[in-house]
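J.: Okay, so here is upload.txt, and as you'll see once you scroll down, it has compact mmCIF, C-alpha atoms.
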```
# COMPACT_ATOMS: atom_id res chain seq x y z
CA MET A 28 124.29 316.33 159.89
CA LEU A 29 123.89 318.85 157.07
CA ARG A 30 121.99 322.00 157.96
CA HIS A 31 119.51 323.49 155.53
CA GLY A 32 121.38 325.21 152.68
CA GLN A 33 124.72 323.63 153.54
CA LYS A 34 126.35 321.99 150.51
CA LEU A 35 127.85 318.53 150.55
CA ILE A 36 131.49 318.88 149.48
CA ARG A 37 132.28 316.13 146.99
CA SER A 38 135.46 314.25 147.61
CA SER A 39 137.87 314.52 144.70
CA CYS A 40 139.59 311.31 145.70
CA SER A 41 141.22 309.84 142.62
CA SER A 42 139.92 306.38 143.44
CA GLN A 43 136.28 307.47 143.23
CA ARG A 44 133.85 304.70 142.47
CA ARG A 45 130.71 306.78 142.41
CA LEU A 46 128.69 306.05 139.30
CA LEU A 47 129.69 308.45 136.56
CA SER A 48 126.93 311.07 136.64
CA VAL A 49 125.66 314.16 134.89
CA GLY A 50 127.98 317.06 135.64
CA ASP A 51 131.04 314.87 136.19
CA SER A 52 134.33 315.06 134.36
CA LEU A 53 135.61 311.69 133.14
CA PRO A 54 137.78 309.76 135.62
CA LYS A 55 141.41 310.80 135.42
CA VAL A 56 142.55 307.20 135.07
CA SER A 57 144.87 306.26 132.25
CA VAL A 58 144.03 303.88 129.44
CA ARG A 59 145.88 302.84 126.27
CA LYS A 60 145.39 303.91 122.69
CA ALA A 61 148.39 303.17 120.48
CA SER A 62 150.54 300.77 122.49
CA PRO A 63 150.99 299.28 125.96
CA ALA A 64 153.64 301.87 126.81
CA ASP A 65 151.46 304.77 125.71
CA GLU A 66 149.25 305.67 128.69
CA VAL A 67 146.73 308.35 127.86
CA PHE A 68 143.57 309.86 129.29
CA ILE A 69 140.23 309.82 127.52
CA SER A 70 140.05 313.58 127.00
CA PRO A 71 136.92 314.99 125.47
CA PRO A 72 137.23 318.49 123.96
CA ALA A 73 137.41 321.10 126.73
CA THR A 74 134.96 323.19 124.75
CA GLY A 75 132.61 321.36 122.46
CA ARG A 76 130.67 318.16 122.34
CA SER A 77 131.66 314.53 122.05
CA ILE A 78 130.18 311.09 122.60
CA LEU A 79 131.77 308.38 124.73
CA VAL A 80 130.63 304.81 124.12
CA GLY A 81 131.42 301.93 126.46
CA ILE A 82 131.17 298.34 125.28
CA PRO A 83 131.45 295.00 127.07
CA ALA A 84 133.47 293.03 124.54
CA ALA A 85 135.48 293.79 121.45
CA TYR A 86 134.65 291.31 118.69
CA SER A 87 131.33 290.32 120.22
CA PRO A 88 128.52 290.18 117.63
CA SER A 89 126.36 293.01 118.98
CA CYS A 90 129.31 295.36 119.59
CA SER A 91 130.80 294.55 116.19
CA SER A 92 127.83 294.43 113.87
CA SER A 93 125.44 296.81 115.51
CA HIS A 94 126.50 299.13 118.32
CA ILE A 95 129.73 300.60 116.94
CA PRO A 96 128.73 300.63 113.26
CA GLY A 97 125.64 302.54 114.36
CA PHE A 98 127.79 305.38 115.66
CA ILE A 99 130.13 305.35 112.68
CA SER A 100 127.30 305.57 110.17
CA ALA A 101 125.57 308.24 112.27
CA LEU A 102 128.66 310.48 112.30
CA PRO A 103 127.27 312.97 109.74
CA GLN A 104 124.05 313.40 111.71
CA LEU A 105 125.95 313.55 115.01
CA LYS A 106 128.18 316.26 113.59
CA LYS A 107 125.15 318.30 112.54
CA LYS A 108 124.21 318.29 116.22
CA GLY A 109 127.60 319.58 117.27
CA VAL A 110 129.39 316.30 118.02
CA GLU A 111 133.09 316.59 117.20
CA ARG A 112 134.18 313.05 117.95
CA VAL A 113 133.15 309.63 119.20
CA ASP A 114 135.38 307.78 121.66
CA VAL A 115 134.97 304.09 122.43
CA VAL A 116 136.21 302.35 125.57
CA ALA A 117 136.28 298.67 126.56
CA VAL A 118 138.04 296.40 129.02
CA ASN A 119 140.17 294.76 126.34
CA ASP A 120 143.90 295.07 125.74
CA VAL A 121 145.32 297.57 123.28
CA PHE A 122 146.28 294.92 120.71
CA VAL A 123 142.73 293.63 120.57
CA MET A 124 141.26 297.14 120.41
CA LYS A 125 143.58 298.19 117.59
CA ALA A 126 142.85 295.05 115.59
CA TRP A 127 139.12 295.44 116.17
CA GLN A 128 139.15 299.11 115.22
CA ALA A 129 140.62 298.14 111.84
CA THR A 130 137.64 295.92 111.03
CA PHE A 131 135.14 298.78 110.79
CA ASP A 132 134.28 300.39 107.47
CA GLY A 133 134.01 304.15 107.41
CA MET A 134 136.42 304.77 110.29
CA THR A 135 137.72 308.34 110.48
CA ASP A 136 140.06 310.29 112.76
CA ASP A 137 136.97 311.44 114.61
CA VAL A 138 136.50 307.98 116.12
CA SER A 139 139.04 306.70 118.66
CA PHE A 140 139.25 303.39 120.48
CA TYR A 141 140.64 303.21 124.02
CA ALA A 142 141.79 300.07 125.81
CA ASP A 143 140.99 300.03 129.53
CA GLN A 144 143.25 296.97 129.84
CA ASP A 145 143.01 296.40 133.56
CA GLY A 146 139.51 297.83 134.01
CA SER A 147 140.68 300.65 136.27
CA TRP A 148 138.94 303.41 134.30
CA THR A 149 135.70 301.42 134.24
CA ARG A 150 135.96 300.76 137.98
CA ALA A 151 136.57 304.44 138.71
CA ALA A 152 133.42 305.30 136.77
CA ALA A 153 131.57 302.50 138.64
CA LEU A 154 130.48 301.09 135.28
CA GLU A 155 131.93 297.62 135.81
CA PHE A 156 129.85 294.44 135.73
CA ASP A 157 130.81 290.86 136.35
CA ALA A 158 130.98 289.08 133.00
CA ALA A 159 133.18 286.27 134.34
CA LYS A 160 130.80 283.49 133.26
CA VAL A 161 130.73 284.60 129.63
CA LEU A 162 133.99 286.46 129.16
CA GLY A 163 136.20 285.46 132.07
CA SER A 164 136.50 288.89 133.68
CA LYS A 165 134.73 292.07 134.74
CA ARG A 166 133.80 294.31 131.84
CA CYS A 167 132.39 297.71 131.05
CA LYS A 168 128.61 298.04 130.89
CA ARG A 169 127.32 299.12 127.54
CA PHE A 170 126.72 302.86 127.72
CA ALA A 171 126.72 306.08 125.72
CA ALA A 172 127.46 309.51 127.17
CA ILE A 173 127.00 312.95 125.66
CA ILE A 174 129.87 315.08 126.90
CA ASP A 175 129.65 318.88 126.68
CA ASN A 176 132.66 321.04 127.52
CA GLY A 177 134.36 318.14 129.24
CA LYS A 178 131.45 317.21 131.50
CA VAL A 179 128.85 314.46 131.23
CA ALA A 180 125.65 316.08 129.96
CA LYS A 181 123.63 312.90 129.54
CA LEU A 182 124.42 309.27 130.32
CA PHE A 183 122.63 306.19 129.02
CA VAL A 184 123.66 302.92 130.67
CA GLU A 185 122.07 299.65 129.61
CA PRO A 186 120.23 298.31 132.69
CA ASP A 187 121.52 294.77 132.18
CA GLY A 188 124.94 295.92 130.98
CA THR A 189 124.71 294.29 127.58
CA GLY A 190 121.39 295.20 125.93
CA MET A 191 121.07 297.59 123.01
CA THR A 192 118.35 300.03 123.95
CA VAL A 193 119.25 303.38 125.46
CA SER A 194 122.90 303.42 124.38
CA THR A 195 122.41 303.17 120.62
CA ALA A 196 123.36 305.94 118.20
CA GLU A 197 119.69 306.23 117.30
CA ASN A 198 118.73 307.01 120.87
CA VAL A 199 121.65 309.36 121.42
CA LEU A 200 120.66 311.33 118.31
CA LYS A 201 117.16 311.78 119.73
CA GLU A 202 118.67 313.15 122.94
CA LEU A 203 120.99 315.65 121.31
CA MET V 23 155.44 274.61 136.23
CA VAL V 24 154.00 271.49 134.64
CA LYS V 25 156.72 269.00 133.75
CA VAL V 26 157.28 265.89 131.66
CA GLY V 27 155.11 263.06 132.91
CA ASP V 28 152.46 265.30 134.48
CA SER V 29 148.86 264.97 133.42
CA ILE V 30 147.26 267.84 131.57
CA PRO V 31 144.69 269.21 134.04
CA GLN V 32 141.06 268.87 133.05
CA VAL V 33 140.11 272.31 134.32
CA GLY V 34 138.61 275.23 132.49
CA PRO V 35 136.54 276.40 130.95
CA LEU V 36 138.31 276.09 127.62
CA GLU V 37 136.16 277.40 124.79
CA GLU V 38 136.29 277.09 121.03
CA GLY V 39 134.16 279.08 118.59
CA GLY V 40 132.50 281.37 121.11
CA PRO V 41 131.67 281.89 124.78
CA GLY V 42 129.90 278.90 126.30
CA GLN V 43 131.19 276.49 123.64
CA LYS V 44 133.22 274.39 126.05
CA VAL V 45 135.75 271.83 124.92
CA SER V 46 138.11 269.41 126.63
CA LEU V 47 141.55 268.40 125.53
CA PRO V 48 141.85 264.75 124.47
CA THR V 49 143.04 262.21 127.03
CA SER V 50 144.26 259.81 124.36
CA GLY V 51 146.34 260.32 121.27
CA LYS V 52 149.03 262.90 120.62
CA TYR V 53 148.64 266.65 120.30
CA ILE V 54 150.59 269.87 120.42
CA LEU V 55 149.56 272.55 122.90
CA SER V 56 150.83 276.02 122.07
CA LEU V 57 150.23 278.55 124.82
CA VAL V 58 150.53 282.20 123.80
CA PRO V 59 150.33 285.44 125.80
CA GLY V 60 147.97 287.47 123.66
CA ALA V 61 145.71 287.07 120.66
CA PHE V 62 146.43 289.81 118.10
CA THR V 63 149.79 290.71 119.65
CA THR V 64 152.68 290.92 117.20
CA PRO V 65 154.88 288.09 118.50
CA CYS V 66 151.92 285.69 118.83
CA SER V 67 150.64 286.58 115.37
CA ASN V 68 154.16 285.85 114.06
CA GLN V 69 154.59 282.58 115.96
CA VAL V 70 151.26 280.87 115.36
CA PRO V 71 151.33 280.74 111.53
CA GLY V 72 154.35 278.44 111.85
CA PHE V 73 152.10 275.86 113.51
CA VAL V 74 149.34 276.40 110.96
CA GLU V 75 151.74 275.96 108.04
CA ASN V 76 153.27 272.83 109.57
CA GLU V 77 150.02 271.08 110.42
CA LYS V 78 150.81 268.19 108.05
CA ALA V 79 154.41 267.96 109.23
CA PHE V 80 153.26 267.64 112.84
CA ALA V 81 150.69 265.04 111.80
CA SER V 82 153.37 263.01 110.03
CA LYS V 83 155.08 262.72 113.43
CA GLY V 84 151.89 261.48 114.99
CA TYR V 85 150.69 264.84 116.35
CA ASP V 86 147.49 265.14 114.38
CA LYS V 87 145.94 267.87 116.54
CA ILE V 88 147.31 271.28 117.37
CA TYR V 89 145.73 273.54 119.99
CA VAL V 90 146.62 277.21 120.38
CA VAL V 91 145.49 278.52 123.77
CA ALA V 92 145.41 282.09 125.06
CA VAL V 93 144.00 283.79 128.13
CA ASN V 94 141.54 285.84 126.10
CA ASP V 95 137.79 285.55 125.77
CA ALA V 96 136.30 283.32 123.10
CA PHE V 97 135.07 286.22 120.92
CA VAL V 98 138.64 287.48 120.63
CA VAL V 99 140.27 284.08 120.11
CA THR V 100 137.74 283.07 117.46
CA ALA V 101 138.20 286.38 115.63
CA TRP V 102 141.96 285.86 115.80
CA LYS V 103 141.66 282.44 114.22
CA GLU V 104 139.49 283.93 111.44
CA HIS V 105 142.18 286.53 110.89
CA LEU V 106 145.18 284.22 111.07
CA ALA V 107 144.12 280.72 110.10
CA LYS V 108 140.63 280.80 108.72
CA SER V 109 140.28 277.39 107.12
CA SER V 110 142.96 275.68 109.13
CA GLY V 111 142.40 272.56 111.20
CA VAL V 112 144.41 274.09 114.04
CA HIS V 113 142.20 274.61 117.07
CA PHE V 114 142.20 278.03 118.74
CA LEU V 115 140.99 277.82 122.31
CA ALA V 116 140.12 280.52 124.80
CA ASP V 117 141.08 280.14 128.46
CA PRO V 118 139.03 283.20 129.46
CA THR V 119 139.48 282.93 133.22
CA GLY V 120 143.09 281.71 133.07
CA HIS V 121 142.17 278.71 135.25
CA PHE V 122 143.57 276.16 132.79
CA THR V 123 146.86 278.01 132.31
CA ASN V 124 147.07 278.53 136.06
CA ALA V 125 146.66 274.79 136.64
CA LEU V 126 149.69 274.26 134.38
CA ASP V 127 151.48 276.90 136.48
CA LEU V 128 152.29 278.77 133.29
CA LEU V 129 150.70 282.17 134.05
CA PHE V 130 152.79 285.31 134.31
CA ASP V 131 151.95 288.84 135.38
CA ALA V 132 151.45 290.75 132.14
CA SER V 133 149.57 293.61 133.84
CA GLY V 134 151.86 296.29 132.47
CA LEU V 135 151.64 295.03 128.93
CA LEU V 136 148.16 293.57 128.63
CA GLY V 137 146.25 294.37 131.84
CA ASN V 138 146.13 290.97 133.51
CA HIS V 139 147.87 287.62 133.96
CA ARG V 140 148.54 285.76 130.72
CA ALA V 141 150.02 282.49 129.52
CA LYS V 142 153.77 282.23 129.13
CA ARG V 143 154.84 281.35 125.63
CA ALA V 144 155.20 277.59 125.82
CA VAL V 145 154.73 274.52 123.64
CA LEU V 146 153.87 271.13 125.05
CA ALA V 147 153.81 267.81 123.24
CA VAL V 148 151.14 265.69 124.90
CA GLU V 149 150.52 261.94 124.61
CA ASP V 150 147.56 260.17 126.21
CA GLY V 151 146.94 263.15 128.42
CA LYS V 152 150.48 263.39 129.77
CA VAL V 153 153.24 265.89 129.01
CA LYS V 154 155.85 264.30 126.75
CA SER V 155 157.94 267.44 126.28
CA ILE V 156 157.70 271.12 127.19
CA VAL V 157 159.58 274.24 126.12
CA VAL V 158 158.99 277.67 127.65
CA GLU V 159 160.40 281.01 126.51
CA ASP V 160 162.37 282.87 129.19
CA GLU V 161 160.86 286.13 128.01
CA ALA V 162 157.29 286.22 126.71
CA PRO V 163 157.93 288.19 123.49
CA ASN V 164 160.70 285.80 122.36
CA ILE V 165 160.11 283.08 119.80
CA THR V 166 163.07 280.73 120.00
CA VAL V 167 162.46 277.33 121.53
CA THR V 168 158.74 277.70 120.85
CA LYS V 169 159.16 278.30 117.11
CA ALA V 170 157.20 275.66 115.20
CA ASP V 171 160.27 274.57 113.20
CA ASN V 172 162.26 274.04 116.36
CA VAL V 173 159.47 272.11 118.07
CA LEU V 174 159.04 269.93 114.98
CA ALA V 175 162.75 269.16 114.87
CA SER V 176 162.67 268.06 118.51
CA LEU V 177 159.88 265.52 118.06
```
Before anything else, please render the file you have as structure tokens.
T.:
Amino acid sequence: MLRHGQKLIRSSCSSQRRLLSVGDSLPKVSVRKASPADEVFISPPATGRSILVGIPAAYSPSCSSSHIPGFISALPQLKKKGVERVDVVAVNDVFVMKAWQATFDGMTDDVSFYADQDGSWTRAAALEFDAAKVLGSKRCKRFAAIIDNGKVAKLFVEPDGTGMTVSTAENVLKEL
Amino acid sequence: MVKVGDSIPQVGPLEEGGPGQKVSLPTSGKYILSLVPGAFTTPCSNQVPGFVENEKAFASKGYDKIYVVAVNDAFVVTAWKEHLAKSSGVHFLADPTGHFTNALDLLFDASGLLGNHRAKRAVLAVEDGKVKSIVVEDEAPNITVTKADNVLASL
């Protein structure tokens, strides 16, 4: 039983499944960027601001024609508010993510796509939802996070995992 | 592993065009079933055009339908078809849960490469719902026995 004033020590267990929250660093769980052999971490700038966007399905209509293009076209305005880069993560393999990345107009080096192939990053962040009926597997909820100096400053997770409300570029801009 | 004479299992879902758009493989007539490990992967994107280009050649041997199947979701498989074979008559099907491929006993653990279990690279010739011939690559990235030209020559 905690006494008044006593702090709860957070476990730094690497298999955390506590919902990614304000103040957290991103899970130190590897994903892919360039190739299957190339395991990397999603590493926001240690000092500075970035956005992390999670999406349920590469090549799905809403992710492809609305959610991601929204962030790409908002890059100039995001940069005015101190955002250095936008990172995108999905439970799709690296071949799919690379092919999908190439379909977007206006892509720059400031936007990176990460493949959480086996869903382990998404599980560690407790942002997984069961999309088996539609997509055959568990996927990442749609979300957007403002990350300042490596820590989550604000997090917007779609309540149903797939909607386009709080996690849009438009909403993120309002919150910056 | 499914063998000559076995029936093609009617399990799924198999989807064409998008999630929820379920299809079944024909139980009569002849068709080619090309199982591939990963939409948009280099070997698969090299192998599949051979089947697209030889659609008429396969039809002249009585195989008037060709199905490419991958354990990917239907958004990905449909986008891959658009990219690879836009106006082709070749069918690109998604086996999003892997149940169909599993029922053929043709799944392999591709966790290191692709994050989950995927279909081995295999080509089956099917007649009236039964396997007439089957070739399977020993190693998933290889395209030898499953090359369209080689399959065509064997029919």
J.: At a cut-off of 8 Å, using only C-alpha atoms, what residues contact A:Val179? Leave out same-chain residues fewer than 3 positions from it and give the result as a VMD selection string.
T.: chain A and resid 48 to 53 172 to 175 182
J.: Report as CSV the residues of chain V within 7 Å of chain A, each with its shortest atom pair and distance in Å (one decimal), using all atoms listed in the file, ordered by chain and increasing residue number.
T.:
```
residue,atom,partner,partner_atom,distance
V:Pro41,CA,A:Val161,CA,5.6
V:Gly42,CA,A:Val161,CA,6.7
V:Phe62,CA,A:Phe122,CA,5.7
V:Thr63,CA,A:Phe122,CA,5.6
V:Asp95,CA,A:Leu162,CA,5.2
V:Phe97,CA,A:Tyr86,CA,5.6
V:Val98,CA,A:Tyr86,CA,5.9
V:Ala101,CA,A:Tyr86,CA,6.8
V:Pro118,CA,A:Gly163,CA,4.5
V:Thr119,CA,A:Gly163,CA,4.3
V:Leu135,CA,A:Pro63,CA,5.2
V:Leu136,CA,A:Asp120,CA,5.4
V:Gly137,CA,A:Asp145,CA,4.2
V:Asn138,CA,A:Asp145,CA,6.3
```
J.: Mind giving me the axis-aligned box for stretch 73-88 of chain V with 8 Å on every side, centre plus edges in Å to one decimal, as AutoDock Vina command-line options?
T.:
```
--center_x 150.5 --center_y 268.9 --center_z 112.7 --size_x 25.1 --size_y 30.9 --size_z 25.3
```
J.: What's the 7 Å shell around A:Gly81, counting all atoms listed in the file, without same-chain residues fewer than 5 positions away, as an mmCIF file with C-alpha atoms, in the coordinates of the input?
T.:
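File written: around12.cif
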```cif
data_model
loop_
_atom_site.group_PDB
_atom_site.id
_atom_site.type_symbol
_atom_site.label_atom_id
_atom_site.label_comp_id
_atom_site.auth_asym_id
_atom_site.auth_seq_id
_atom_site.Cartn_x
_atom_site.Cartn_y
_atom_site.Cartn_z
ATOM 1 C CA VAL A 115 134.970 304.090 122.430
ATOM 2 C CA VAL A 116 136.210 302.350 125.570
ATOM 3 C CA ALA A 117 136.280 298.670 126.560
ATOM 4 C CA CYS A 167 132.390 297.710 131.050
ATOM 5 C CA LYS A 168 128.610 298.040 130.890
ATOM 6 C CA ARG A 169 127.320 299.120 127.540
ATOM 7 C CA PHE A 170 126.720 302.860 127.720
ATOM 8 C CA ALA A 171 126.720 306.080 125.720
#
```
J.: One number please: atom CA of A:Val184 to atom CA of A:Leu105, in Å, one decimal.
T.: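 Calculated distance between atom CA of A:Val184 and atom CA of A:Leu105 is 19.1 Å.
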J.: Would you pick out the contacts of V:Glu77 at 10 Å or less, using all atoms listed in the file, so that residues sharing its chain but fewer than 4 positions from it are not included, and give the list as a PDB file with C-alpha atoms, keeping the file's coordinate frame?
T.:
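For reference, out_29.pdb as written:
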```pdb
ATOM      1  CA  PRO V  71     151.330 280.740 111.530  1.00  0.00           C
ATOM      2  CA  GLY V  72     154.350 278.440 111.850  1.00  0.00           C
ATOM      3  CA  PHE V  73     152.100 275.860 113.510  1.00  0.00           C
ATOM      4  CA  ALA V  81     150.690 265.040 111.800  1.00  0.00           C
ATOM      5  CA  SER V  82     153.370 263.010 110.030  1.00  0.00           C
ATOM      6  CA  TYR V  85     150.690 264.840 116.350  1.00  0.00           C
ATOM      7  CA  ASP V  86     147.490 265.140 114.380  1.00  0.00           C
ATOM      8  CA  LYS V  87     145.940 267.870 116.540  1.00  0.00           C
ATOM      9  CA  ILE V  88     147.310 271.280 117.370  1.00  0.00           C
ATOM     10  CA  SER V 110     142.960 275.680 109.130  1.00  0.00           C
ATOM     11  CA  GLY V 111     142.400 272.560 111.200  1.00  0.00           C
ATOM     12  CA  VAL V 112     144.410 274.090 114.040  1.00  0.00           C
ATOM     13  CA  ALA V 170     157.200 275.660 115.200  1.00  0.00           C
TER      14      ALA V 170
END
```
J.: Take atom CA of A:Ala158 and atom CA of V:Pro31 and report the distance between them in Å, one decimal.
T.: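 Separation of atom CA of A:Ala158 and atom CA of V:Pro31: 24.2 Å.
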